[in-house]
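Below: one structure, written as structure tokens.
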Amino acid sequence: MKIGIAVLGAGRWGVNLIRNFLEHPNSQVLAVVDQNRDSLVAVQKQFNLDASVILATDWSQVQALAGLQAVAIATPASTHYTLAAAALKQGYHVLAEKPLALNLTEAIELCQLAEKQQRQLFVDHTYLFHPAVDRGQRIIQQHQLGKLRYGYAQRTHFKPVRHDVDALWDLAIHDIAIFNTWLEQTPIEVRAIGTVFPKESGKGQKESGINKEAAEIENQLAPSVLTTNPAEKLADLVWVTLTYPDGFQAFIHLCWLNPDKQRRLTVVGSLGTLIFDEMLPETPLILQRGPSDYPGEENNSFESALAKPAPTGATPTKRIAPQPTSIRHREVLSLEQVEPLRRVCDRFLNCVQTNTPCLTSSGAASVELIRILSTLSKSLELGGQPLIPF
């Protein structure tokens, strides 16, 4: 029996969800909701939707739809809590885009509500379903990199600039989720520093379609939960440092005003380096084999790899310069050819059919990521003060 689904939001990501659910043999798209009628018309035309599929401009129009079992939420982050809570209270299973909510309290409340209603709360952390992440996790678990030293990631682009969250909440969750999964740990200390760049006056500024759509959806679907911070106070550039229990550190560069689009995550070990570069779709996962140890040193961070100056007044000693990493072999790793979002939708449908949670994308797993993001936000407010996730 097919699972009846309503997709809330027909923007860029909502369209991808609609496509995947339409193509899946175990689901039936019963309704698409978006306050923008042009978006609904575009979706109907793009997928040649059957006349039985309801196209609605308000979520309330489909809340009591016969045969509806699940709701997929692809709206701005500031609307997630309100929409997910309403769907769960109606007895529907929920697939929500990341982040599940914009504060820890709301995320925990949604998890408790899902448990009370005995419904599945599934969060779309798409990268955790990417074949490159699966293969990378196996590489690390098999200790092919040797002793792990440090990691770094760049996630940047030039617009769209979000109006409901800052660059930290918009971008960081992907890389944090991957690092946590690959390391099988969660950070014990985090810090973040950020910059807000001056914006042009709203009158003369041409708003991107995505941002305009997001603002309109926010106003229509959940006006009571909009962020209280105006867009000009949301950090455009953020630097994140994560410290893990074994001393491993990960450094993340986030920016949505960078002309150089980057989607790259790297883990450096004593025997090799693993690189996941989404901007190389034909060769996204590369394993560089070769020692990264410096003579006589153990290095697990950028700082320790730097030569330390002699104390003032000390007798100069001859210093042996660190030797560069020797890359003996560069291997492009083969991956399963499957769309990550297709795997997300398939897993969600399976969770609904069996009414069992997905460990990697359950509401509880998402709460831990939001706990880290919330602590990073506090560190950002305190000018980069290191904090323990609370």
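Ordering of the structure tokens sets the chain letters (A, B, ...), residue numbers begin anew at 1 in every chain, and ligands are numbered from 1 in the order given.
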
What are the DSSP strand (DSSP E) residues of segment 80-178 of chain A, as an MDAnalysis selection string? chainID A and resid 93:97 121:124 148:158

Near Pro389 of chain A, counting only C-alpha atoms, which residues have an atom at most 12 Å away, once you skip same-chain residues fewer than 5 positions from it, shown as JSON, numbers by chain? {"A": [104, 186, 187, 188, 189, 190, 191, 242, 243, 244, 367, 368, 369, 370, 371, 372, 373, 374, 375, 376, 377, 378, 379]}

Dump N, CA and C atoms for the selected residues as a short mmCIF file (atom, residue, chain, number, x, y, z; two decimals), in the first residue's frame?
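Result saved to again.cif:
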data_model
loop_
_atom_site.label_atom_id
_atom_site.label_comp_id
_atom_site.auth_asym_id
_atom_site.auth_seq_id
_atom_site.Cartn_x
_atom_site.Cartn_y
_atom_site.Cartn_z
N LEU A 104 17.10 24.71 20.73
CA LEU A 104 17.16 23.36 21.29
C LEU A 104 15.85 22.97 21.95
N THR A 186 31.22 13.19 19.22
CA THR A 186 30.65 14.53 19.18
C THR A 186 31.60 15.48 19.90
N PRO A 187 31.66 16.74 19.50
CA PRO A 187 32.62 17.68 20.08
C PRO A 187 32.41 17.89 21.58
N ILE A 188 33.52 18.10 22.27
CA ILE A 188 33.44 18.43 23.69
C ILE A 188 33.69 19.92 23.91
N GLU A 189 34.15 20.61 22.88
CA GLU A 189 34.34 22.06 22.95
C GLU A 189 34.19 22.63 21.55
N VAL A 190 33.51 23.79 21.48
CA VAL A 190 33.30 24.45 20.18
C VAL A 190 33.52 25.94 20.32
N ARG A 191 33.89 26.55 19.22
CA ARG A 191 34.00 28.02 19.20
C ARG A 191 33.70 28.52 17.81
N LEU A 242 35.90 22.85 16.09
CA LEU A 242 35.32 21.77 16.87
C LEU A 242 36.45 20.93 17.47
N THR A 243 36.39 20.68 18.75
CA THR A 243 37.39 19.84 19.41
C THR A 243 36.71 18.58 19.94
N TYR A 244 37.25 17.42 19.58
CA TYR A 244 36.64 16.14 19.92
C TYR A 244 37.37 15.49 21.10
N VAL A 367 18.65 16.60 17.31
CA VAL A 367 18.74 17.40 18.53
C VAL A 367 20.21 17.61 18.91
N GLU A 368 21.03 16.59 18.78
CA GLU A 368 22.44 16.71 19.14
C GLU A 368 23.14 17.71 18.23
N LEU A 369 22.80 17.74 16.97
CA LEU A 369 23.39 18.72 16.05
C LEU A 369 22.93 20.13 16.40
N ILE A 370 21.67 20.27 16.76
CA ILE A 370 21.16 21.58 17.15
C ILE A 370 21.79 22.03 18.46
N ARG A 371 22.08 21.09 19.35
CA ARG A 371 22.77 21.43 20.59
C ARG A 371 24.14 22.06 20.28
N ILE A 372 24.84 21.48 19.32
CA ILE A 372 26.15 22.01 18.92
C ILE A 372 25.99 23.38 18.26
N LEU A 373 25.02 23.51 17.36
CA LEU A 373 24.80 24.79 16.69
C LEU A 373 24.41 25.88 17.69
N SER A 374 23.59 25.54 18.66
CA SER A 374 23.17 26.52 19.66
C SER A 374 24.36 27.01 20.48
N THR A 375 25.27 26.08 20.81
CA THR A 375 26.46 26.46 21.56
C THR A 375 27.39 27.31 20.71
N LEU A 376 27.50 26.97 19.43
CA LEU A 376 28.31 27.78 18.51
C LEU A 376 27.74 29.19 18.38
N SER A 377 26.42 29.30 18.36
CA SER A 377 25.79 30.63 18.30
C SER A 377 26.14 31.45 19.54
N LYS A 378 26.16 30.79 20.70
CA LYS A 378 26.52 31.49 21.93
C LYS A 378 27.98 31.93 21.88
N SER A 379 28.85 31.06 21.37
CA SER A 379 30.26 31.42 21.22
C SER A 379 30.41 32.60 20.27
#

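Of the listed residues A:Val344, A:Ala66, A:Leu359, A:Leu22, the one whose atoms come nearest to Asn48 of chain A is A:Leu22, with distances taken using only C-alpha atoms.
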
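DSSP on the backbone gives helix (DSSP H, G or I) for these parts of segment 22-92 of chain A: Leu22, Glu23, Arg37, Asp38, Ser39, Leu40, Val41, Ala42, Val43, Gln44, Lys45, Gln46, Phe47, Trp59, Ser60, Gln61, Ala77, Ser78, Thr79, His80, Tyr81, Thr82, Leu83, Ala84, Ala85, Ala86, Ala87, Leu88 and Lys89 of chain A.
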
Looking at only C-alpha atoms, which of A:Arg12, A:His157, A:Arg342, A:His143 is the one that sits closest to Ser39 of chain A? A:Arg12

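The residue that comes closest to Asp277 of chain A, out of A:Gln154, A:Thr195, A:Gln353, A:Thr181 and on the basis of only C-alpha atoms, is A:Gln154.
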
List as a count of residues only the protein and nucleic acid residues near Ala250 of chain A, meaning an atom at most 9 Å away when only C-alpha atoms are counted, but skip any in the same chain fewer than 4 places from it. 13

Write out as JSON, numbers by chain each polymer residue whose atoms come within 6 Å of Phe276 of chain A, counting only C-alpha atoms; drop sequence neighbours fewer than 3 positions from it. {"A": [264, 265, 284, 285]}

Could you take the residues named above and write them with N, CA, C and O atoms, as a PDB file, in the first residue's frame?
ATOM      1  N   ARG A 264      33.868  21.283   0.261  1.00  0.00           N
ATOM      2  CA  ARG A 264      35.022  20.400   0.416  1.00  0.00           C
ATOM      3  C   ARG A 264      35.282  20.100   1.882  1.00  0.00           C
ATOM      4  O   ARG A 264      35.283  21.003   2.717  1.00  0.00           O
ATOM      5  N   LEU A 265      35.489  18.816   2.192  1.00  0.00           N
ATOM      6  CA  LEU A 265      35.774  18.401   3.561  1.00  0.00           C
ATOM      7  C   LEU A 265      36.947  17.428   3.531  1.00  0.00           C
ATOM      8  O   LEU A 265      36.992  16.512   2.710  1.00  0.00           O
ATOM      9  N   PRO A 284      34.280  12.669  -6.516  1.00  0.00           N
ATOM     10  CA  PRO A 284      34.079  13.423  -5.268  1.00  0.00           C
ATOM     11  C   PRO A 284      34.894  12.945  -4.082  1.00  0.00           C
ATOM     12  O   PRO A 284      35.104  13.709  -3.146  1.00  0.00           O
ATOM     13  N   LEU A 285      35.334  11.684  -4.079  1.00  0.00           N
ATOM     14  CA  LEU A 285      36.040  11.160  -2.913  1.00  0.00           C
ATOM     15  C   LEU A 285      37.426  10.664  -3.325  1.00  0.00           C
ATOM     16  O   LEU A 285      37.561   9.770  -4.166  1.00  0.00           O
TER      17      LEU A 285
END

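Reported to one decimal place, the separation of atom CA of Thr360 of chain A from atom CA of Cys111 of chain A is 14.3 Å.
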
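Interatomic distance, atom CA of Thr356 of chain A to atom CA of Pro99 of chain A: 20.9 Å.
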
Neighbours of His93 of chain A within 12 Å (only C-alpha atoms; same-chain residues fewer than 3 positions away dropped), as a PyMOL selection string? chain A and resi 3-6+68-73+83-90+96+110-111+113-115+117-123+348-357+362-363

Counting only C-alpha atoms, what is within 9 Å of His125 of chain A, bar same-chain residues fewer than 5 positions away, as a PyMOL selection string? chain A and resi 97-99+173-174+177+344+360-361+366

Could you write those residues out with N, CA and C atoms, as a PDB file, in the first residue's frame?
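Below you can see part_35.pdb, which holds the result:
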ATOM      1  N   GLU A  97      13.169  19.303   6.614  1.00  0.00           N
ATOM      2  CA  GLU A  97      14.497  19.736   6.192  1.00  0.00           C
ATOM      3  C   GLU A  97      15.299  20.187   7.407  1.00  0.00           C
ATOM      4  N   LYS A  98      16.602  20.212   7.249  1.00  0.00           N
ATOM      5  CA  LYS A  98      17.466  20.687   8.338  1.00  0.00           C
ATOM      6  C   LYS A  98      17.430  22.205   8.377  1.00  0.00           C
ATOM      7  N   PRO A  99      17.651  22.839   9.528  1.00  0.00           N
ATOM      8  CA  PRO A  99      17.637  22.212  10.847  1.00  0.00           C
ATOM      9  C   PRO A  99      16.202  21.959  11.292  1.00  0.00           C
ATOM     10  N   ILE A 173      25.730  22.765   9.563  1.00  0.00           N
ATOM     11  CA  ILE A 173      25.181  21.496  10.034  1.00  0.00           C
ATOM     12  C   ILE A 173      25.629  20.319   9.172  1.00  0.00           C
ATOM     13  N   HIS A 174      25.848  20.569   7.866  1.00  0.00           N
ATOM     14  CA  HIS A 174      26.275  19.489   6.972  1.00  0.00           C
ATOM     15  C   HIS A 174      27.639  18.950   7.389  1.00  0.00           C
ATOM     16  N   ALA A 177      27.751  17.262  10.829  1.00  0.00           N
ATOM     17  CA  ALA A 177      27.168  15.919  10.764  1.00  0.00           C
ATOM     18  C   ALA A 177      28.154  14.922  10.162  1.00  0.00           C
ATOM     19  N   VAL A 344      17.310   9.229   0.977  1.00  0.00           N
ATOM     20  CA  VAL A 344      16.602   9.845   2.107  1.00  0.00           C
ATOM     21  C   VAL A 344      15.116   9.487   2.050  1.00  0.00           C
ATOM     22  N   THR A 360      20.500   7.606  12.139  1.00  0.00           N
ATOM     23  CA  THR A 360      21.298   8.742  11.670  1.00  0.00           C
ATOM     24  C   THR A 360      20.475  10.001  11.429  1.00  0.00           C
ATOM     25  N   SER A 361      19.174   9.864  11.190  1.00  0.00           N
ATOM     26  CA  SER A 361      18.361  11.039  10.856  1.00  0.00           C
ATOM     27  C   SER A 361      17.092  11.158  11.693  1.00  0.00           C
ATOM     28  N   SER A 366      19.080  14.675  15.373  1.00  0.00           N
ATOM     29  CA  SER A 366      19.097  16.079  14.971  1.00  0.00           C
ATOM     30  C   SER A 366      19.225  17.002  16.175  1.00  0.00           C
TER      31      SER A 366
END

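For the set A:Val196, A:Trp256, A:Ile178, A:Gln288, the residue with the smallest atom-to-atom gap to Thr126 of chain A is A:Ile178, counting only C-alpha atoms.
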
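Distances from A:His329, A:Arg289, A:His80, A:Lys116 to Ile139 of chain A were compared using only C-alpha atoms, and the smallest one belongs to A:Arg289.
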